[in-house]
$ cat input22.cif   # mmCIF, C-alpha atoms
data_run
loop_
_atom_site.label_atom_id
_atom_site.label_comp_id
_atom_site.auth_asym_id
_atom_site.auth_seq_id
_atom_site.Cartn_x
_atom_site.Cartn_y
_atom_site.Cartn_z
CA MET P 179 -6.25 -22.85 104.27
CA LYS P 180 -2.79 -21.67 103.34
CA GLU P 181 -0.40 -23.99 101.57
CA THR P 182 2.17 -25.71 103.75
CA LEU P 183 5.61 -24.54 102.70
CA LEU P 184 8.48 -26.91 102.10
CA SER P 185 11.43 -26.74 104.43
CA ASN P 186 14.90 -25.88 103.15
CA CYS P 187 16.05 -29.46 103.73
CA GLU P 188 13.21 -30.89 101.61
CA ARG P 189 13.80 -28.34 98.86
CA ASP P 190 17.55 -29.05 98.75
CA PHE P 191 16.90 -32.80 98.78
CA LEU P 192 14.49 -32.60 95.82
CA LEU P 193 16.79 -30.37 93.77
CA LYS P 194 19.79 -32.55 94.46
CA ALA P 195 17.85 -35.70 93.49
CA ILE P 196 16.70 -34.06 90.23
CA ALA P 197 20.29 -33.02 89.47
CA GLU P 198 21.28 -36.68 89.84
CA LYS P 199 18.37 -37.71 87.53
CA LYS P 200 16.44 -39.38 90.34
CA ARG P 201 12.81 -38.89 91.34
CA LEU P 202 10.92 -39.57 94.55
CA ASP P 203 8.70 -42.32 93.08
CA GLY P 204 11.51 -44.05 91.19
CA ARG P 205 10.52 -42.88 87.70
CA GLN P 206 12.89 -41.85 84.96
CA THR P 207 13.08 -38.29 83.65
CA TYR P 208 10.55 -38.72 80.81
CA ASP P 209 8.23 -41.31 82.42
CA TYR P 210 4.55 -40.78 83.15
CA ARG P 211 2.91 -42.11 86.26
CA LYS P 212 0.58 -45.10 86.03
CA MET P 213 -2.59 -44.02 84.20
CA LYS P 214 -6.01 -45.57 84.55
CA ILE P 215 -9.23 -44.63 82.70
CA THR P 216 -12.66 -45.81 83.89
CA PHE P 217 -16.22 -44.83 83.02
CA GLY P 218 -19.40 -44.21 84.99
CA THR P 219 -22.82 -45.77 84.54
CA ASP P 220 -24.12 -42.95 82.30
CA TYR P 221 -22.62 -41.80 79.05
CA GLY P 222 -20.18 -38.93 79.38
CA CYS P 223 -18.84 -39.77 82.87
CA CYS P 224 -15.12 -40.52 83.02
CA PHE P 225 -12.57 -41.04 85.82
CA VAL P 226 -8.84 -40.61 85.19
CA ASP P 227 -6.18 -41.71 87.69
CA LEU P 228 -2.70 -40.29 87.05
CA GLY P 229 -0.71 -41.72 89.92
CA LYS P 230 -2.47 -40.37 93.01
CA THR P 231 -4.07 -37.51 91.07
CA ARG P 232 -7.72 -38.36 90.43
CA VAL P 233 -10.07 -36.35 88.20
CA MET P 234 -13.71 -36.86 87.14
CA ALA P 235 -15.28 -35.32 84.00
CA GLN P 236 -19.01 -35.18 83.34
CA VAL P 237 -20.57 -34.04 80.05
CA SER P 238 -24.15 -32.76 79.80
CA CYS P 239 -26.20 -31.05 77.08
CA GLU P 240 -29.27 -28.81 76.69
CA LEU P 241 -31.09 -26.92 73.96
CA VAL P 242 -30.42 -23.15 74.00
CA ALA P 243 -30.52 -20.19 71.63
CA PRO P 244 -27.30 -19.77 69.59
CA LYS P 245 -24.98 -16.79 69.60
CA GLU P 246 -25.89 -14.00 67.23
CA SER P 247 -22.45 -14.01 65.64
CA ARG P 248 -22.63 -17.78 64.94
CA PRO P 249 -26.27 -18.86 64.52
CA ASN P 250 -25.39 -22.23 62.92
CA GLU P 251 -22.94 -23.48 65.55
CA GLY P 252 -23.41 -25.10 68.91
CA ILE P 253 -21.88 -23.88 72.18
CA MET P 254 -19.03 -25.51 74.11
CA PHE P 255 -18.56 -24.66 77.79
CA PHE P 256 -15.80 -25.91 80.10
CA ASN P 257 -15.61 -25.63 83.88
CA ILE P 258 -12.96 -26.93 86.28
CA GLU P 259 -13.82 -27.16 89.97
CA LEU P 260 -11.04 -27.39 92.55
CA SER P 261 -12.82 -28.76 95.60
CA PRO P 262 -11.36 -28.88 99.15
CA MET P 263 -11.74 -32.65 98.98
CA ALA P 264 -8.82 -32.76 96.54
CA SER P 265 -6.52 -30.55 98.63
CA PRO P 266 -6.99 -28.44 101.79
CA THR P 267 -5.42 -25.46 99.96
CA PHE P 268 -8.44 -25.22 97.61
CA GLU P 269 -11.39 -23.09 98.78
CA GLN P 270 -15.02 -23.83 98.00
CA GLY P 271 -16.91 -21.33 95.84
CA ARG P 272 -13.91 -19.14 95.14
CA GLN P 273 -11.93 -19.14 91.91
CA SER P 274 -8.20 -19.19 92.50
CA GLU P 275 -5.43 -18.28 90.10
CA LEU P 276 -4.80 -21.96 89.40
CA SER P 277 -8.44 -22.66 88.45
CA VAL P 278 -8.52 -19.68 86.06
CA LYS P 279 -5.28 -20.83 84.41
CA LEU P 280 -6.56 -24.40 84.03
CA ASN P 281 -9.88 -23.20 82.57
CA ARG P 282 -8.16 -21.07 79.94
CA GLN P 283 -5.73 -23.80 78.99
CA LEU P 284 -8.54 -26.37 78.67
CA GLU P 285 -10.55 -24.02 76.42
CA ARG P 286 -7.51 -23.44 74.21
CA CYS P 287 -6.81 -27.15 74.08
CA LEU P 288 -10.33 -28.36 73.21
CA ARG P 289 -12.50 -25.51 71.96
CA ASN P 290 -10.01 -23.34 70.06
CA SER P 291 -8.44 -26.38 68.41
CA LYS P 292 -11.79 -27.19 66.70
CA CYS P 293 -11.63 -30.81 67.76
CA ILE P 294 -15.46 -31.02 67.84
CA ASP P 295 -17.76 -30.25 64.92
CA THR P 296 -19.92 -27.49 66.43
CA GLU P 297 -22.05 -27.17 63.28
CA SER P 298 -23.40 -30.67 63.85
CA LEU P 299 -24.85 -29.39 67.14
CA CYS P 300 -27.27 -27.04 65.35
CA VAL P 301 -30.95 -28.08 65.48
CA VAL P 302 -32.74 -25.03 64.04
CA SER P 303 -30.57 -22.31 62.54
CA GLY P 304 -30.74 -19.15 64.61
CA GLU P 305 -33.23 -20.64 67.11
CA LYS P 306 -32.03 -23.84 68.84
CA VAL P 307 -28.62 -25.43 69.17
CA TRP P 308 -27.06 -27.92 71.58
CA LYS P 309 -24.95 -26.52 74.39
CA ILE P 310 -22.32 -29.06 75.50
CA ARG P 311 -21.09 -28.50 79.05
CA VAL P 312 -17.97 -30.25 80.40
CA ASP P 313 -17.52 -30.17 84.20
CA VAL P 314 -14.18 -31.38 85.50
CA HIS P 315 -13.99 -32.14 89.25
CA THR P 316 -10.70 -32.77 91.03
CA LEU P 317 -11.05 -35.62 93.53
CA ASN P 318 -7.41 -35.76 94.64
CA HIS P 319 -4.49 -33.47 93.86
CA ASP P 320 -0.97 -34.84 93.62
CA GLY P 321 0.39 -32.70 90.80
CA ASN P 322 -0.11 -32.24 87.03
CA LEU P 323 -3.83 -31.44 87.12
CA MET P 324 -3.78 -30.05 83.56
CA ASP P 325 -2.81 -33.33 81.91
CA ALA P 326 -5.33 -35.32 83.93
CA ALA P 327 -8.10 -32.76 83.21
CA SER P 328 -7.45 -32.71 79.44
CA ILE P 329 -7.43 -36.51 79.23
CA ALA P 330 -10.62 -36.78 81.29
CA ALA P 331 -12.41 -34.07 79.25
CA ILE P 332 -11.63 -35.46 75.78
CA THR P 333 -12.40 -39.02 76.93
CA ALA P 334 -15.76 -37.94 78.37
CA LEU P 335 -16.59 -36.11 75.11
CA CYS P 336 -15.78 -39.24 73.09
CA HIS P 337 -17.89 -41.34 75.47
CA PHE P 338 -20.86 -38.94 75.52
CA ARG P 339 -24.12 -39.54 73.60
CA ARG P 340 -26.64 -36.75 73.01
CA PRO P 341 -30.38 -37.45 72.56
CA ASP P 342 -31.82 -37.68 69.06
CA VAL P 343 -34.02 -34.84 67.87
CA GLY P 344 -37.02 -34.77 65.48
CA ILE P 345 -38.35 -31.62 63.78
CA GLN P 346 -41.93 -31.32 62.51
CA GLY P 347 -42.70 -27.79 61.36
CA ASP P 348 -41.91 -25.47 64.22
CA GLU P 349 -42.00 -28.24 66.86
CA VAL P 350 -38.78 -29.81 68.11
CA THR P 351 -39.10 -33.25 69.73
CA VAL P 352 -36.32 -34.67 71.92
CA TYR P 353 -36.45 -38.47 72.05
CA SER P 354 -35.46 -40.47 75.10
CA PRO P 355 -32.84 -43.23 74.91
CA GLU P 356 -35.63 -45.83 75.03
CA GLU P 357 -37.31 -44.37 71.95
CA ARG P 358 -34.22 -43.73 69.84
CA ASP P 359 -30.55 -44.51 70.30
CA PRO P 360 -28.45 -41.54 71.43
CA ILE P 361 -26.05 -40.00 68.93
CA PRO P 362 -22.30 -39.58 69.62
CA LEU P 363 -20.53 -36.29 69.05
CA SER P 364 -18.58 -35.65 65.88
CA ILE P 365 -14.91 -35.46 66.97
CA TYR P 366 -12.16 -34.75 64.45
CA HIS P 367 -9.09 -35.35 66.63
CA MET P 368 -8.17 -35.78 70.29
CA PRO P 369 -5.78 -33.12 71.65
CA ILE P 370 -3.96 -34.10 74.83
CA SER P 371 -1.86 -31.85 77.06
CA VAL P 372 1.66 -32.82 78.17
CA SER P 373 3.38 -30.83 80.95
CA PHE P 374 7.13 -30.24 81.31
CA SER P 375 8.70 -28.74 84.43
CA PHE P 376 12.09 -26.97 84.40
CA PHE P 377 14.54 -26.68 87.30
CA GLN P 378 17.56 -24.48 87.96
CA GLN P 379 16.76 -22.02 85.16
CA GLY P 380 16.06 -24.65 82.53
CA THR P 381 19.05 -26.88 83.22
CA PHE P 382 16.96 -29.95 84.12
CA LEU P 383 13.68 -31.15 82.62
CA LEU P 384 10.98 -33.50 83.98
CA VAL P 385 7.78 -34.88 82.45
CA ASP P 386 4.58 -35.22 84.51
CA PRO P 387 5.74 -33.47 87.72
CA CYS P 388 4.19 -34.52 91.01
CA GLU P 389 2.95 -32.10 93.66
CA ARG P 390 6.28 -31.74 95.49
CA GLU P 391 8.20 -31.30 92.26
CA GLU P 392 5.79 -28.53 91.23
CA ARG P 393 6.66 -26.62 94.40
CA VAL P 394 10.36 -26.41 93.63
CA MET P 395 10.19 -25.96 89.83
CA ASP P 396 11.22 -22.71 88.15
CA GLY P 397 8.94 -22.89 85.10
CA LEU P 398 6.25 -24.98 83.41
CA LEU P 399 5.61 -25.66 79.71
CA MET P 400 2.29 -27.18 78.59
CA ILE P 401 1.99 -28.48 75.02
CA ALA P 402 -1.37 -29.74 73.68
CA MET P 403 -0.91 -32.05 70.69
CA ASN P 404 -2.83 -34.77 68.83
CA LYS P 405 -1.57 -38.06 67.45
CA HIS P 406 -1.00 -36.46 64.03
CA ARG P 407 1.77 -34.36 65.66
CA GLU P 408 -0.21 -31.16 65.29
CA ILE P 409 0.32 -28.65 68.09
CA CYS P 410 -3.08 -27.39 69.28
CA SER P 411 -1.84 -25.01 72.01
CA ILE P 412 1.33 -24.17 73.88
CA GLN P 413 1.74 -22.17 77.06
CA SER P 414 4.73 -21.31 79.24
CA SER P 415 4.45 -20.05 82.82
CA GLY P 416 6.87 -19.23 85.60
CA GLY P 417 8.84 -16.44 83.94
CA ILE P 418 11.65 -18.67 82.68
CA MET P 419 13.39 -18.04 79.34
CA LEU P 420 13.46 -21.11 77.07
CA LEU P 421 15.61 -21.65 74.02
CA LYS P 422 14.32 -22.82 70.66
CA GLU P 423 16.14 -26.14 71.03
CA GLN P 424 14.43 -26.79 74.39
CA VAL P 425 10.95 -26.18 72.94
CA MET P 426 11.65 -28.45 69.96
CA ARG P 427 12.94 -31.15 72.27
CA CYS P 428 9.80 -30.94 74.40
CA SER P 429 7.56 -31.13 71.32
CA LYS P 430 9.28 -34.34 70.18
CA ILE P 431 8.82 -35.89 73.62
CA ALA P 432 5.16 -34.76 73.67
CA SER P 433 4.46 -36.42 70.30
CA VAL P 434 5.60 -39.79 71.68
CA LYS P 435 3.62 -39.43 74.91
CA VAL P 436 0.46 -38.29 73.09
CA SER P 437 0.49 -41.32 70.79
CA GLU P 438 0.80 -43.66 73.81
CA ILE P 439 -2.02 -41.93 75.73
CA THR P 440 -4.29 -41.87 72.66
CA GLU P 441 -3.84 -45.60 72.20
CA LEU P 442 -4.70 -46.23 75.85
CA LEU P 443 -7.75 -43.97 75.54
CA SER P 444 -9.01 -45.80 72.43
CA LYS P 445 -8.62 -49.18 74.15
CA ALA P 446 -10.59 -47.99 77.18
CA LEU P 447 -13.44 -46.73 74.94
CA GLU P 448 -13.50 -49.97 72.97
CA ASN P 449 -13.61 -52.13 76.12
CA ASP P 450 -16.48 -50.05 77.54
CA ARG P 451 -18.37 -50.29 74.25
CA LYS P 452 -18.04 -54.08 74.25
CA ALA P 453 -19.12 -54.35 77.89
CA ARG P 454 -22.24 -52.27 77.29
CA LYS P 455 -23.09 -54.20 74.14
CA GLU P 456 -22.83 -57.55 75.92
CA GLY P 457 -25.01 -56.23 78.76
CA GLY P 458 -22.39 -56.73 81.44
CA ARG P 459 -21.92 -54.66 84.55
CA CYS P 460 -20.19 -51.36 83.86
CA GLY P 461 -19.61 -48.01 85.47
CA PHE P 462 -20.60 -47.54 89.11
CA ALA P 463 -22.09 -51.04 89.43
CA GLU P 464 -18.77 -52.56 88.41
CA SER P 465 -16.71 -50.22 90.55
CA LEU P 466 -18.60 -50.95 93.78
CA PRO P 467 -17.44 -54.53 94.48
CA GLN P 468 -13.91 -53.85 93.26
CA GLU P 469 -13.50 -50.77 95.50
CA ARG P 470 -12.66 -48.41 92.67
CA ILE P 471 -14.63 -45.56 94.21
CA THR P 472 -11.97 -44.42 96.64
CA ALA P 473 -9.22 -42.13 95.38
CA LEU P 474 -6.34 -43.97 97.05
CA LYS P 475 -6.08 -47.75 97.27
CA ILE P 476 -3.44 -50.46 97.34
CA ASP P 477 -3.18 -52.77 94.34
CA GLU P 478 -3.58 -56.45 95.10
CA THR P 479 -0.43 -58.55 94.86
CA SER P 480 -0.68 -62.15 93.76
CA VAL P 481 0.88 -64.63 96.20
CA GLU P 482 1.36 -68.29 95.29
CA MET P 483 0.17 -70.56 98.11
CA ALA P 484 0.44 -73.95 96.34
CA ASP P 485 3.85 -75.14 97.55
CA VAL P 486 3.83 -73.46 100.95
CA ALA P 487 3.45 -76.70 102.95
CA GLU P 488 6.29 -78.47 101.12
CA LYS P 489 8.62 -75.49 101.46
CA ALA P 490 7.84 -75.29 105.19
CA ARG P 491 8.69 -78.98 105.64
CA ASP P 492 11.98 -78.60 103.80
CA ILE P 493 12.93 -75.63 105.96
CA VAL P 494 12.06 -77.50 109.17
CA HIS P 495 14.02 -80.62 108.15
CA GLY P 496 17.01 -78.62 106.97
CA ALA P 497 17.25 -76.55 110.15
CA GLU P 498 19.56 -77.53 113.00
CA ALA P 499 18.04 -79.03 116.12
CA PRO P 500 17.99 -76.68 119.13
CA PRO P 501 20.21 -77.56 122.13
CA GLN P 502 18.51 -79.65 124.81
CA MET P 503 20.20 -78.04 127.84
CA VAL P 504 20.63 -74.34 128.25
CA PRO P 505 23.27 -73.17 130.79
CA SER P 506 21.84 -70.96 133.47
CA PRO P 507 23.30 -67.46 133.72
CA VAL P 508 25.69 -66.62 136.51
CA VAL P 509 25.04 -63.30 138.24
CA PRO P 510 28.14 -62.39 140.29
CA VAL P 511 26.81 -59.06 141.58
CA PRO P 512 23.22 -57.81 141.74
CA GLY P 513 22.57 -55.49 138.83
CA VAL P 514 25.03 -57.22 136.46
CA GLY P 515 23.41 -59.17 133.61
CA GLN P 516 24.55 -61.51 130.87
CA VAL P 517 23.21 -61.30 127.32
CA GLY P 518 24.17 -63.82 124.67
CA GLN P 519 23.24 -67.04 122.91
CA GLY P 520 21.76 -69.57 125.26
CA LEU P 521 21.79 -67.17 128.23
CA GLN P 522 18.84 -65.59 129.92
CA ASN P 523 18.60 -61.81 129.93
CA THR P 524 19.08 -60.64 133.54
CA TRP P 525 19.07 -56.91 133.02
CA GLY P 526 16.83 -54.97 135.37
CA LEU P 527 17.52 -56.93 138.57
CA GLU P 528 18.69 -53.80 140.32
CA GLU P 529 15.53 -52.03 139.30
CA ASP P 530 13.44 -54.87 140.75
CA ASP P 531 15.32 -54.58 144.07
CA ASP P 532 14.72 -50.84 144.12
CA ASP P 533 11.03 -51.43 143.47
CA ASP P 534 10.84 -53.91 146.39
CA GLU P 535 12.56 -51.44 148.75
CA GLN P 536 10.18 -48.70 147.72
CA GLU P 537 7.19 -50.97 148.37
CA GLU P 538 8.52 -51.85 151.87
CA GLU P 539 9.11 -48.19 152.72
CA GLU P 540 5.61 -47.33 151.56
CA ALA P 541 4.18 -50.15 153.70
CA GLU P 542 6.10 -48.92 156.80
CA GLU P 543 4.92 -45.37 156.20
CA CYS P 544 1.35 -46.62 155.93
CA ASP P 545 1.69 -48.54 159.24
CA SER P 546 3.15 -45.52 161.09
CA SER P 547 0.52 -43.22 159.67
CA GLY P 548 -2.17 -45.74 160.72
CA GLU P 549 -0.88 -45.78 164.34
CA GLU P 550 -0.80 -41.96 164.47
CA GLN P 551 -4.32 -41.84 163.13
CA GLU P 552 -5.53 -44.31 165.80
CA GLU P 553 -3.96 -42.19 168.57
CA LYS P 554 -5.66 -39.09 167.20
CA ASN P 555 -8.98 -40.93 167.06
CA THR P 556 -8.67 -42.10 170.70
CA LYS P 557 -7.84 -38.55 171.87
CA MET P 558 -10.80 -37.16 169.98
CA ASP P 559 -13.09 -39.83 171.51
CA LYS P 560 -11.91 -38.92 175.04
CA GLU P 561 -12.53 -35.22 174.41
CA ARG P 562 -16.00 -35.99 173.13
CA HIS P 563 -16.82 -38.09 176.23
CA GLU P 564 -15.62 -35.29 178.53
CA LYS P 565 -17.68 -32.71 176.68
CA ASP P 566 -20.74 -34.95 176.79
CA ALA P 567 -20.33 -35.47 180.55
CA SER P 568 -20.07 -31.70 181.17
CA ARG P 569 -23.15 -31.00 179.03
CA LYS P 570 -25.48 -33.61 180.55
CA GLY P 571 -27.46 -31.05 182.52
CA GLU P 572 -27.67 -28.38 179.87
CA VAL P 573 -30.27 -27.80 177.19
CA VAL P 574 -29.17 -28.64 173.68
CA GLU P 575 -30.88 -26.68 170.96
CA ILE P 576 -30.49 -27.37 167.25
CA SER P 577 -31.73 -24.67 164.89
CA ASP P 578 -32.47 -25.00 161.18
CA SER P 579 -31.46 -21.87 159.28
CA GLU P 580 -34.05 -22.41 156.53
CA GLU P 581 -37.14 -23.26 158.61
CA GLU P 582 -36.02 -21.46 161.84
CA ASP P 583 -37.39 -24.18 164.15
CA VAL P 584 -36.06 -24.98 167.63
CA VAL P 585 -35.78 -28.57 168.75
CA VAL P 586 -35.49 -29.32 172.48
CA LEU P 587 -33.92 -32.67 173.16
CA HIS P 588 -34.73 -32.85 176.99
CA PRO P 589 -38.10 -32.35 178.63
CA GLU P 590 -38.84 -29.28 180.79
CA THR P 591 -38.77 -31.19 184.09
CA GLN P 592 -35.24 -32.24 183.50
CA VAL P 593 -34.27 -28.74 182.32
CA LYS P 594 -35.49 -27.03 185.55
CA THR P 595 -33.64 -29.27 187.95
CA PRO P 596 -30.15 -28.08 187.15
CA LYS P 597 -31.24 -24.42 187.32
CA THR P 598 -32.70 -24.78 190.91
CA ALA P 599 -29.84 -26.91 192.08
CA GLY P 600 -27.48 -23.99 192.05
CA PRO P 601 -29.28 -21.51 194.49
CA SER P 602 -30.48 -24.25 196.93
CA SER P 603 -26.94 -25.38 197.47
CA HIS P 604 -25.95 -21.75 198.16
CA GLN P 605 -28.79 -21.39 200.70
CA ASN P 606 -27.80 -24.58 202.54
CA GLY P 607 -24.23 -23.37 202.70
CA ALA P 608 -25.33 -19.97 204.15
CA ALA P 609 -27.55 -21.65 206.85
CA THR P 610 -24.74 -23.91 208.10
CA SER P 611 -22.37 -20.94 208.31
CA LYS P 612 -24.88 -19.02 210.49
CA LYS P 613 -25.28 -21.98 212.88
CA ARG P 614 -21.55 -22.19 213.33
CA GLN P 615 -21.34 -18.53 214.15
CA LYS P 616 -24.08 -18.86 216.84
CA LYS P 617 -22.33 -21.77 218.47
#
$ encode --input "input22.cif" --output "structure tokens"
Amino acid sequence: MKETLLSNCERDFLLKAIAEKKRLDGRQTYDYRKMKITFGTDYGCCFVDLGKTRVMAQVSCELVAPKESRPNEGIMFFNIELSPMASPTFEQGRQSELSVKLNRQLERCLRNSKCIDTESLCVVSGEKVWKIRVDVHTLNHDGNLMDAASIAAITALCHFRRPDVGIQGDEVTVYSPEERDPIPLSIYHMPISVSFSFFQQGTFLLVDPCEREERVMDGLLMIAMNKHREICSIQSSGGIMLLKEQVMRCSKIASVKVSEITELLSKALENDRKARKEGGRCGFAESLPQERITALKIDETSVEMADVAEKARDIVHGAEAPPQMVPSPVVPVPGVGQVGQGLQNTWGLEEDDDDDEQEEEEAEECDSSGEEQEEKNTKMDKERHEKDASRKGEVVEISDSEEEDVVVLHPETQVKTPKTAGPSSHQNGAATSKKRQKK
């Protein structure tokens, strides 16, 4: 499905609001949307909500043969899926330009930055290593997918636990979680991507653009950085020329945002670790009664109901008593109404009169049409009686076209009488005429 284009009015409205340092959702220029991090029942499953943008990351592992160039290192694989469930513009089973760009940026951010110790993933040098696969699924798209995907991927990697492995000779044994506790990955640092959108050839700058702001932006700058203020990757798109001062300004803003997001991420991991240790409900079981499964939901607002009865009584006692008598409205002319305090609304009287006249006219028309119909029925009855009287002596035959049978309604004796009646009367008339001539 093709993307729905913005109208000129919407585009001008957005650009004018950005020029006045205002945003559609009420945020300031450098503010992020509300972020929420939750975990699934299994290790390595993470959900990230960035405003209305919702992303899920799932980490899995398997034993494979290493690469010939690096026999002592494990393999990292990243995949981002843009499903039609997130947006009708995404097509199933077909890589778009956006998905390719997000995949490359995620690989630069996480794999090329060496945030994970890949040598610790080696089981047998040159024979078996762990292959870590990170699948990122977009559940709802409302802008800034790169930031949400990077946060979900690094959080899922921190939350993931791989099975323990035992080696005896040439045999490799993989233990289940019941036999041995799973082992977390060795992570050096947590790179997080921060996106900046530029408008009107770099004149205005916004952090964390939403979907509508992304449509009208001129360029995009993505900076991946860790909390130690080390830039892991940087990418500019959109064909806009940026000055050195603009890039340095964006890097300073990114360092502040990355430290805040890293702190939130660490708190979420610590809370999940405590919940699992205490044996409480976590992941999908916890999300089900609290309706966290859906992508879009309304937050509950607390309403105090303790003093409602007392406040209602005070309002009732403090209010003025209504008047006992209400003057009736005076209608000087039909169709003229009075509207005001204490007066009844009399508009529509003329319409009621018109409706009554129409009903009377319809009733008169029905009566006249009924009389005409009765006269037609009486005439038709008379014609039928006359036809029946003229056909009393004739044979009536009814034929069925399908069976071709003939039904005679009168017996033969009655049929012959009218046929002989004709010639006998002629003979009697001829005899009387002859007698008169003889006389």
$ resolve_selection --input "input22.cif" --expression "the PyMOL selection byres ((chain P and resi 225) around 12)" --output "PyMOL selection string"
chain P and resi 213-219+222-224+226-228+231-236+314-318+326-334+337+443+446+461-462+465+470-473
$ resolve_selection --input "input22.cif" --expression "the PyMOL selection byres ((chain P and resi 394) around 8)" --output "ChimeraX atom specification"
/P:189,192-193,377,390-393,395-396
$ resolve_selection --input "input22.cif" --expression "the PyMOL selection byres ((chain P and resi 242) around 7)" --output "list in words"
Glu240, Leu241, Ala243, Pro244, Lys306, Val307, Trp308 and Lys309 of chain P
$ write_last_selection --input "input22.cif" --atoms "C-alpha atoms" --output "compact mmCIF listing (two decimals), keeping the file's coordinate frame"
# COMPACT_ATOMS: atom_id res chain seq x y z
CA GLU P 240 -29.27 -28.81 76.69
CA LEU P 241 -31.09 -26.92 73.96
CA ALA P 243 -30.52 -20.19 71.63
CA PRO P 244 -27.30 -19.77 69.59
CA LYS P 306 -32.03 -23.84 68.84
CA VAL P 307 -28.62 -25.43 69.17
CA TRP P 308 -27.06 -27.92 71.58
CA LYS P 309 -24.95 -26.52 74.39
$ residues_around --input "input22.cif" --residues "Thr207 of chain P" --least-positions-apart "6" --cutoff "7 Å" --atoms "all atoms listed in the file" --output "PyMOL selection string"
chain P and resi 199+384-385
$ residues_around --input "input22.cif" --residues "Ser277 of chain P" --least-positions-apart "3" --cutoff "8 Å" --atoms "all atoms listed in the file" --output "count of residues only"
7
$ closest_residue --input "input22.cif" --among "P:Cys239, P:Ala402, P:Leu383, P:Val343" --to "Lys200 of chain P" --atoms "all atoms listed in the file"
P:Leu383
$ residues_around --input "input22.cif" --residues "segment 405-414 of chain P" --least-positions-apart "4" --cutoff "8 Å" --atoms "only C-alpha atoms" --output "VMD selection string"
chain P and resid 283 286 to 287 291 368 to 369 397 to 401 433 436 to 437 440
$ atom_distance --input "input22.cif" --atom1 "atom CA of Asp220 of chain P" --atom2 "atom CA of Arg339 of chain P"
9.3 Å
$ closest_residue --input "input22.cif" --among "P:Arg311, P:Phe191, P:Glu537, P:Glu181" --to "Pro266 of chain P" --atoms "only C-alpha atoms"
P:Glu181
$ closest_residue --input "input22.cif" --among "P:Ser238, P:Cys293, P:Ser185, P:Leu323" --to "Leu276 of chain P" --atoms "all atoms listed in the file"
P:Leu323
$ atom_distance --input "input22.cif" --atom1 "atom CA of Cys300 of chain P" --atom2 "atom CA of Glu448 of chain P"
27.8 Å
$ atom_distance --input "input22.cif" --atom1 "atom CA of Met324 of chain P" --atom2 "atom CA of Lys279 of chain P"
9.4 Å
$ residues_around --input "input22.cif" --residues "Ser265 of chain P" --least-positions-apart "3" --cutoff "7 Å" --atoms "only C-alpha atoms" --output "ChimeraX atom specification"
/P:262,268,318-319
$ closest_residue --input "input22.cif" --among "P:Gly344, P:Ile361, P:Gly321, P:Ile294" --to "Glu251 of chain P" --atoms "only C-alpha atoms"
P:Ile294
$ closest_residue --input "input22.cif" --among "P:Met403, P:Thr267, P:Glu564, P:Lys194" --to "Thr182 of chain P" --atoms "only C-alpha atoms"
P:Thr267
$ closest_residue --input "input22.cif" --among "P:Gly304, P:Leu335, P:Met558, P:Arg211" --to "Phe255 of chain P" --atoms "only C-alpha atoms"
P:Leu335
